[in-house]
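Peer 1: Below is final.txt; it holds compact mmCIF, C-alpha atoms.
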```txt
# COMPACT_ATOMS: atom_id res chain seq x y z
CA GLU A 280 -9.25 -27.52 -24.46
CA GLN A 281 -11.38 -24.61 -25.69
CA SER A 282 -8.94 -21.69 -25.74
CA ILE A 283 -5.55 -23.30 -26.39
CA VAL A 284 -4.21 -20.45 -28.53
CA CYS A 285 -4.91 -17.88 -25.79
CA GLY A 286 -3.09 -20.04 -23.24
CA ALA A 287 -0.11 -20.53 -25.55
CA MET A 288 0.15 -16.79 -26.22
CA LEU A 289 0.00 -16.05 -22.50
CA MET A 290 2.87 -18.47 -21.89
CA GLN A 291 4.84 -16.73 -24.63
CA VAL A 292 4.34 -13.40 -22.86
CA PHE A 293 5.58 -14.89 -19.56
CA ALA A 294 8.65 -16.31 -21.31
CA GLU A 295 9.43 -12.95 -22.95
CA ALA A 296 9.05 -11.28 -19.54
CA GLY A 297 11.83 -13.48 -18.17
CA VAL A 298 9.98 -16.15 -16.19
CA PRO A 299 12.50 -19.03 -15.86
CA PRO A 300 11.74 -22.27 -17.73
CA GLY A 301 9.85 -24.80 -15.64
CA VAL A 302 8.27 -22.29 -13.26
CA LEU A 303 5.10 -22.29 -15.37
CA ASN A 304 3.99 -25.13 -17.62
CA PHE A 305 1.28 -25.16 -20.27
CA LEU A 306 -0.43 -28.45 -21.12
CA SER A 307 -2.98 -28.42 -23.94
CA GLY A 308 -5.59 -31.13 -24.28
CA HIS A 309 -8.85 -32.34 -22.82
CA GLY A 310 -9.45 -31.66 -19.15
CA SER A 311 -11.04 -35.07 -18.73
CA VAL A 312 -7.66 -36.63 -19.57
CA ILE A 313 -4.89 -34.23 -18.53
CA GLY A 314 -6.85 -32.62 -15.72
CA ALA A 315 -7.93 -35.94 -14.26
CA HIS A 316 -4.34 -37.22 -14.34
CA LEU A 317 -3.05 -34.16 -12.49
CA VAL A 318 -5.81 -34.33 -9.88
CA ASP A 319 -5.08 -38.00 -9.19
CA HIS A 320 -1.29 -37.73 -9.13
CA LYS A 321 0.31 -38.31 -5.74
CA ASP A 322 2.79 -35.43 -6.16
CA VAL A 323 0.18 -32.73 -6.89
CA ASP A 324 -0.50 -30.91 -3.62
CA SER A 325 -2.71 -27.99 -4.72
CA ILE A 326 -5.50 -27.85 -7.29
CA ALA A 327 -7.04 -24.61 -8.60
CA PHE A 328 -10.02 -25.07 -10.90
CA THR A 329 -12.56 -22.86 -12.63
CA GLY A 330 -15.36 -24.55 -14.51
CA SER A 331 -18.63 -26.40 -14.15
CA ARG A 332 -20.21 -27.57 -10.93
CA GLU A 333 -20.22 -31.17 -12.18
CA VAL A 334 -16.48 -31.25 -12.81
CA GLY A 335 -15.66 -29.25 -9.68
CA LEU A 336 -17.48 -31.71 -7.44
CA LYS A 337 -15.64 -34.61 -9.09
CA ILE A 338 -12.35 -32.86 -8.32
CA TRP A 339 -13.34 -32.40 -4.66
CA GLU A 340 -14.23 -36.07 -4.45
CA ALA A 341 -11.04 -37.28 -6.16
CA ALA A 342 -8.83 -35.01 -4.05
CA GLY A 343 -10.12 -36.67 -0.89
CA ILE A 344 -8.63 -40.03 -1.89
CA THR A 345 -5.11 -40.70 -0.60
CA ARG A 346 -2.92 -42.40 -3.21
CA PRO A 347 0.01 -44.75 -2.47
CA GLY A 348 3.12 -42.66 -1.88
CA GLN A 349 1.16 -39.44 -1.33
CA ARG A 350 2.69 -37.31 1.42
CA GLU A 351 0.47 -34.21 1.38
CA LEU A 352 -3.26 -33.70 1.72
CA LYS A 353 -4.47 -32.07 -1.48
CA ARG A 354 -5.73 -28.51 -1.19
CA VAL A 355 -8.56 -27.62 -3.56
CA ILE A 356 -9.71 -24.23 -4.83
CA CYS A 357 -12.83 -24.53 -6.99
CA GLU A 358 -14.93 -21.86 -8.69
CA MET A 359 -18.00 -23.60 -10.05
CA GLY A 360 -20.27 -20.98 -11.55
CA GLY A 361 -23.39 -19.18 -10.44
CA LYS A 362 -27.03 -18.33 -11.05
CA ASN A 363 -26.52 -14.64 -10.42
CA ALA A 364 -29.43 -12.34 -9.61
CA MET A 365 -29.93 -8.59 -9.64
CA ILE A 366 -32.78 -7.03 -7.69
CA VAL A 367 -34.37 -3.79 -8.87
CA ASP A 368 -35.87 -1.65 -6.10
CA ALA A 369 -38.97 0.50 -6.63
CA ASP A 370 -36.92 3.71 -6.59
CA ALA A 371 -34.05 2.47 -8.76
CA ASP A 372 -32.46 4.66 -11.41
CA LEU A 373 -33.77 2.94 -14.53
CA ASP A 374 -31.07 4.40 -16.78
CA GLU A 375 -28.43 2.63 -14.70
CA THR A 376 -30.58 -0.46 -14.25
CA ILE A 377 -31.11 -1.07 -17.95
CA MET A 378 -27.57 -0.25 -19.04
CA TYR A 379 -25.86 -2.46 -16.48
CA SER A 380 -28.39 -5.29 -16.74
CA ILE A 381 -27.95 -5.55 -20.50
CA TYR A 382 -24.17 -5.55 -20.18
CA SER A 383 -24.16 -8.07 -17.33
CA ALA A 384 -26.52 -10.48 -19.08
CA PHE A 385 -25.34 -10.34 -22.69
CA GLY A 386 -21.72 -9.17 -22.58
CA PHE A 387 -19.37 -11.93 -23.72
CA GLN A 388 -22.53 -13.81 -24.79
CA GLY A 389 -23.28 -14.51 -21.12
CA GLN A 390 -20.25 -16.81 -20.99
CA LYS A 391 -18.97 -15.51 -17.66
CA CYS A 392 -19.50 -17.19 -14.32
CA SER A 393 -20.45 -13.76 -12.97
CA ALA A 394 -22.97 -12.98 -15.73
CA LEU A 395 -26.49 -11.87 -14.87
CA SER A 396 -28.94 -14.76 -15.21
CA ARG A 397 -31.96 -13.62 -13.15
CA LEU A 398 -33.47 -10.14 -13.03
CA ILE A 399 -35.82 -9.80 -10.05
CA LEU A 400 -38.37 -6.97 -10.31
CA LEU A 401 -40.83 -5.66 -7.75
CA GLU A 402 -44.47 -5.62 -8.86
CA GLU A 403 -44.70 -1.84 -8.72
CA ASN A 404 -41.88 -1.26 -11.22
CA TYR A 405 -42.15 -4.45 -13.30
CA ASP A 406 -43.89 -2.89 -16.30
CA ARG A 407 -41.66 0.20 -16.31
CA VAL A 408 -38.50 -1.90 -16.38
CA MET A 409 -39.76 -4.34 -19.02
CA GLU A 410 -40.85 -1.46 -21.27
CA ARG A 411 -37.22 -0.34 -21.41
CA LEU A 412 -35.44 -3.67 -21.10
CA ILE A 413 -36.84 -5.23 -24.28
CA PRO A 414 -35.96 -2.30 -26.62
CA ALA A 415 -32.49 -2.14 -25.06
CA ALA A 416 -31.93 -5.83 -25.77
CA ALA A 417 -33.25 -5.34 -29.30
CA SER A 418 -30.59 -2.70 -29.91
CA LEU A 419 -27.81 -5.28 -29.54
CA ARG A 420 -26.17 -6.40 -32.76
CA VAL A 421 -25.10 -10.03 -33.15
CA GLY A 422 -22.18 -10.93 -35.39
CA ASN A 423 -18.42 -10.89 -35.82
CA PRO A 424 -17.02 -9.21 -32.68
CA GLU A 425 -14.13 -7.78 -34.70
CA GLN A 426 -16.58 -5.45 -36.42
CA PRO A 427 -17.46 -2.10 -34.78
CA GLY A 428 -20.79 -1.97 -33.02
CA ILE A 429 -21.09 -5.71 -32.44
CA MET A 430 -22.00 -6.50 -28.83
CA VAL A 431 -22.80 -10.22 -29.06
CA GLY A 432 -20.47 -12.67 -30.80
CA PRO A 433 -20.49 -16.46 -31.10
CA VAL A 434 -20.34 -18.84 -28.15
CA ILE A 435 -17.21 -20.89 -27.57
CA ASP A 436 -18.00 -24.13 -29.45
CA GLU A 437 -20.68 -26.46 -30.78
CA PRO A 438 -21.42 -28.32 -27.50
CA ALA A 439 -22.03 -24.97 -25.77
CA TYR A 440 -24.16 -23.83 -28.70
CA ARG A 441 -26.37 -26.91 -28.54
CA ARG A 442 -26.66 -26.85 -24.74
CA ILE A 443 -27.80 -23.21 -24.70
CA LEU A 444 -30.35 -23.83 -27.45
CA GLU A 445 -31.73 -26.74 -25.41
CA TYR A 446 -32.20 -24.43 -22.41
CA ILE A 447 -33.98 -21.91 -24.61
CA GLU A 448 -36.41 -24.63 -25.68
CA ILE A 449 -36.91 -25.57 -22.03
CA GLY A 450 -37.62 -21.92 -21.26
CA LYS A 451 -40.24 -21.73 -24.00
CA LYS A 452 -42.10 -24.60 -22.33
CA GLU A 453 -41.71 -23.31 -18.78
CA ALA A 454 -42.17 -19.56 -19.14
CA THR A 455 -43.02 -16.84 -21.67
CA LEU A 456 -40.61 -15.83 -24.42
CA ALA A 457 -40.56 -12.05 -23.96
CA TYR A 458 -37.84 -11.33 -26.51
CA GLN A 459 -35.45 -13.10 -28.85
CA ALA A 460 -33.21 -11.46 -31.43
CA LYS A 461 -34.11 -12.29 -35.02
CA GLU A 462 -31.10 -11.01 -36.97
CA VAL A 463 -28.44 -13.64 -36.31
CA PRO A 464 -25.71 -14.73 -38.77
CA PRO A 465 -26.71 -18.00 -40.48
CA HIS A 466 -23.30 -19.62 -40.03
CA GLY A 467 -21.38 -20.01 -36.79
CA TYR A 468 -22.29 -20.62 -33.17
CA PHE A 469 -24.39 -17.50 -32.71
CA ILE A 470 -27.09 -17.54 -30.03
CA PRO A 471 -29.76 -14.80 -30.19
CA PRO A 472 -30.04 -12.76 -26.96
CA THR A 473 -33.13 -14.16 -25.24
CA ILE A 474 -35.35 -12.88 -22.41
CA PHE A 475 -38.00 -14.92 -20.61
CA SER A 476 -40.78 -13.44 -18.46
CA ASP A 477 -43.31 -15.10 -16.14
CA VAL A 478 -40.43 -17.12 -14.72
CA LYS A 479 -40.99 -18.91 -11.40
CA PRO A 480 -38.20 -19.69 -8.92
CA ASN A 481 -38.62 -23.46 -9.28
CA MET A 482 -38.19 -23.50 -13.07
CA ARG A 483 -35.01 -24.97 -14.54
CA ILE A 484 -34.13 -21.75 -16.33
CA ALA A 485 -34.25 -20.01 -12.94
CA ARG A 486 -32.11 -22.59 -11.10
CA GLU A 487 -29.57 -24.09 -13.49
CA GLU A 488 -26.55 -22.32 -14.93
CA ILE A 489 -27.04 -21.78 -18.67
CA PHE A 490 -23.80 -19.93 -19.47
CA GLY A 491 -25.23 -18.13 -22.46
CA PRO A 492 -27.13 -14.97 -23.49
CA VAL A 493 -30.36 -15.96 -21.73
CA LEU A 494 -32.03 -13.78 -19.08
CA SER A 495 -34.91 -14.83 -16.82
CA VAL A 496 -37.14 -12.09 -15.36
CA LEU A 497 -39.00 -12.81 -12.12
CA LYS A 498 -41.74 -10.71 -10.52
CA VAL A 499 -41.97 -10.46 -6.70
CA ARG A 500 -44.18 -8.61 -4.21
CA ASP A 501 -41.54 -6.83 -2.15
CA LEU A 502 -37.91 -6.78 -1.09
CA ASP A 503 -38.36 -9.66 1.35
CA GLU A 504 -39.58 -11.95 -1.40
CA ALA A 505 -36.87 -10.65 -3.71
CA LEU A 506 -34.21 -11.74 -1.23
CA GLU A 507 -35.90 -15.09 -0.74
CA VAL A 508 -35.89 -15.71 -4.50
CA ALA A 509 -32.35 -14.43 -5.01
CA ASN A 510 -31.02 -16.64 -2.21
CA GLY A 511 -33.11 -19.63 -3.23
CA THR A 512 -30.59 -21.33 -5.53
CA ASP A 513 -27.62 -23.58 -4.82
CA TYR A 514 -25.20 -20.89 -5.97
CA ALA A 515 -23.77 -17.78 -4.33
CA LEU A 516 -21.29 -16.11 -6.65
CA THR A 517 -22.34 -12.59 -7.64
CA GLY A 518 -25.45 -10.53 -7.05
CA GLY A 519 -26.59 -6.97 -7.46
CA PHE A 520 -29.07 -4.36 -6.32
CA PHE A 521 -30.35 -1.15 -7.88
CA SER A 522 -31.78 1.33 -5.40
CA ARG A 523 -31.65 4.90 -4.10
CA SER A 524 -32.64 3.89 -0.58
CA PRO A 525 -29.72 3.78 1.91
CA ASP A 526 -31.73 1.56 4.27
CA ASN A 527 -32.56 -0.96 1.57
CA ILE A 528 -28.99 -0.94 0.31
CA GLU A 529 -27.70 -1.79 3.79
CA ARG A 530 -30.27 -4.55 4.01
CA ILE A 531 -29.09 -6.10 0.77
CA LYS A 532 -25.45 -5.86 1.79
CA GLY A 533 -26.19 -7.92 4.88
CA ARG A 534 -28.65 -10.47 3.50
CA LEU A 535 -27.91 -11.15 -0.18
CA GLU A 536 -26.11 -14.49 -0.42
CA ALA A 537 -23.31 -13.80 -2.87
CA GLY A 538 -19.56 -13.76 -2.63
CA ASN A 539 -19.47 -10.48 -4.57
CA VAL A 540 -22.32 -8.01 -4.12
CA TYR A 541 -22.58 -5.05 -6.48
CA ILE A 542 -24.70 -1.98 -5.80
CA ASN A 543 -25.95 0.23 -8.65
CA ARG A 544 -23.52 -1.22 -11.20
CA SER A 545 -22.95 -4.36 -13.24
CA CYS A 546 -22.54 -7.67 -11.43
CA THR A 547 -19.59 -8.68 -13.58
CA GLY A 548 -16.14 -7.32 -14.32
CA ALA A 549 -14.28 -7.65 -11.01
CA ILE A 550 -11.03 -5.66 -11.03
CA VAL A 551 -7.90 -7.54 -9.95
CA GLY A 552 -6.53 -6.05 -6.76
CA ARG A 553 -9.75 -4.14 -6.11
CA HIS A 554 -12.51 -6.77 -6.11
CA PRO A 555 -11.27 -10.10 -4.71
CA PHE A 556 -13.58 -12.56 -6.44
CA GLY A 557 -15.21 -15.84 -5.40
CA GLY A 558 -18.41 -17.36 -4.09
CA PHE A 559 -19.71 -19.94 -1.65
CA LYS A 560 -22.44 -22.60 -1.48
CA MET A 561 -22.15 -24.55 -4.76
CA SER A 562 -20.31 -21.68 -6.42
CA GLY A 563 -17.07 -22.63 -4.74
CA SER A 564 -15.00 -22.82 -1.62
CA GLY A 565 -15.20 -19.13 -0.77
CA THR A 566 -11.64 -18.49 -1.94
CA LYS A 567 -11.11 -14.97 -3.21
CA ALA A 568 -9.08 -14.73 -6.42
CA GLY A 569 -7.61 -11.46 -7.62
CA GLY A 570 -6.27 -10.40 -4.23
CA GLU A 571 -3.30 -11.03 -1.98
CA ASP A 572 -5.25 -13.53 0.14
CA TYR A 573 -5.45 -15.85 -2.87
CA LEU A 574 -1.68 -16.38 -2.79
CA LEU A 575 -1.86 -17.80 0.73
CA HIS A 576 -3.63 -20.87 -0.65
CA PHE A 577 -0.49 -21.75 -2.60
CA LEU A 578 1.85 -21.49 0.37
CA VAL A 579 2.56 -23.80 3.30
CA PRO A 580 2.18 -21.84 6.56
CA ARG A 581 4.84 -22.45 9.18
CA VAL A 582 5.14 -21.00 12.68
CA VAL A 583 8.60 -20.64 14.24
CA THR A 584 8.73 -19.89 17.97
CA GLU A 585 12.03 -18.92 19.59
CA ASN A 586 12.94 -18.28 23.21
CA THR A 587 15.09 -15.16 22.91
CA SER A 588 16.28 -15.00 26.52
CA ARG A 589 19.96 -16.05 26.70
CA HIS A 590 21.46 -18.08 29.54
CA GLY A 591 25.21 -17.65 29.23
CA PHE A 592 27.27 -16.06 26.51
CA ALA A 593 27.35 -17.49 23.00
CA PRO A 594 29.64 -15.55 20.67
CA GLU A 595 28.33 -15.31 17.14
CA GLN A 596 31.74 -15.59 15.48
CA SER A 597 32.72 -18.76 13.68
CA PRO A 598 34.67 -21.43 15.63
CA GLU A 599 38.11 -20.39 14.36
CA TYR A 600 37.81 -17.06 16.19
CA ARG A 601 36.48 -18.32 19.48
CA ASP A 602 39.90 -18.49 21.15
CA GLU A 603 39.92 -14.71 21.26
CA PHE A 604 37.07 -14.79 23.77
CA LEU A 605 38.47 -17.40 26.15
CA TRP A 606 38.99 -16.19 29.74
CA PRO A 607 41.38 -16.42 31.29
CA LYS A 608 43.45 -16.34 28.14
CA PRO A 609 45.77 -19.32 27.70
CA ARG A 610 49.45 -18.65 28.42
CA GLU A 611 51.78 -18.68 25.48
```
Could you write out this file's structure as structure tokens?
Peer 2:
Amino acid sequence: EQSIVCGAMLMQVFAEAGVPPGVLNFLSGHGSVIGAHLVDHKDVDSIAFTGSREVGLKIWEAAGITRPGQRELKRVICEMGGKNAMIVDADADLDETIMYSIYSAFGFQGQKCSALSRLILLEENYDRVMERLIPAAASLRVGNPEQPGIMVGPVIDEPAYRRILEYIEIGKKEATLAYQAKEVPPHGYFIPPTIFSDVKPNMRIAREEIFGPVLSVLKVRDLDEALEVANGTDYALTGGFFSRSPDNIERIKGRLEAGNVYINRSCTGAIVGRHPFGGFKMSGSGTKAGGEDYLLHFLVPRVVTENTSRHGFAPEQSPEYRDEFLWPKPRE
């Protein structure tokens, strides 16, 4: 629907690699039409979906309805986005913090389910982080991503463009506009990297997935409140923590509600085979893509139990040779 050419090229690569015809099929079109038909079809046993929470929940609901002639219960794997948070400890390395936060929030224009959406700062280091965060964001160039030095390109299409701009307007009413890029190409779906401060946990920009280059900064008293704020949304996909304290790091590992927790690095960019990826709560079903366990969701498990103790002798030769084993042997 939004990246048809990429899908078609991927199918071409599979065909050139020797994948037999019919093993993989590529259907272009609107998900609301083709996707809905596949979800409802009685012969579709497994559904794997990545997209919005709204559509994912509709798929879960539709999959629970048994159609006439359906012989299998539908299995559903849904990845439905996140409202990902990174917490910055008082003793964090600010060089790492700024570099990875900027990349996580604004890389790919924030159009990644794992992208950083909320930066949670302790009171004691709030000013120090903001003093470096704003200039770092201002160093990003917006434009044609084919040109060297461009970090932020256009968003995927006009509906996404308009939706993100609406959230920016909401943020201006709810919080304080701390930074917004001014040099943006006049034509195309370019969204200026935007940072809001004075954000409260109950604000829409702090709770709803924006899927664009918009970062909300929240100030908290201590690590306990930071965890409370980070865990206070409906989502649990990715999360991060910057700290030099082994005790605090262990605390975050055990208490941060996220399917993928990243320590002292970006909260996006999971490596296939190294970082099985997936969240829980309203982020999805907890299924981990990018690892061997993911394949099990596309298989039907069967258990075969055999009693291997033998009572009597059963030769393994085919019937035409069994006369050789008769005893006593027949007389000729």
Peer 1: Between CA of Ala364 in chain A and CA of Lys452 in chain A, what is the distance in Å, rounded to a tenth?
Peer 2: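 Spanning CA of Ala364 in chain A to CA of Lys452 in chain A is a straight-line distance of 21.7 Å.
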Peer 1: Quick one: pull the distance between CA of Phe559 in chain A and CA of Ala515 in chain A, Å, one decimal.
Peer 2: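 These two atoms are separated by 5.3 Å.
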Peer 1: For CA of Thr345 in chain A and CA of Val312 in chain A, determine how far apart the two atoms are, in Å to one decimal place.
Peer 2: 19.6 Å
Peer 1: Out of A:Ile366, A:Ala439, A:Ala371, A:Val421, which residue has the shortest atom-to-atom distance to Gln281 in chain A when counting only C-alpha atoms?
Peer 2: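 Among the listed residues, the smallest separation from Gln281 in chain A belongs to A:Ala439.
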Peer 1: Taking into account only C-alpha atoms, which residue in the set A:Asp319, A:Glu280, A:Thr517, A:Gly360 is nearest to Glu333 in chain A?
Peer 2: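 Closest candidate: A:Gly360.
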Peer 1: For range 431-444 of chain A, what centre and edge lengths in Å (one decimal) does the axis-aligned box get once 5 Å is added on each side of all its listed atoms, as AutoDock Vina command-line options?
Peer 2:
```
--center_x -23.8 --center_y -19.3 --center_z -27.9 --size_x 23.1 --size_y 28.1 --size_z 16.4
```
Peer 1: Pick out the residues sitting within 6 Å of range 470-483 of chain A, and hand them over as a PyMOL selection string; count all atoms listed in the file, and ignore anything fewer than 4 positions along from it in its own chain.
Peer 2: chain A and resi 454-460+487+492-497
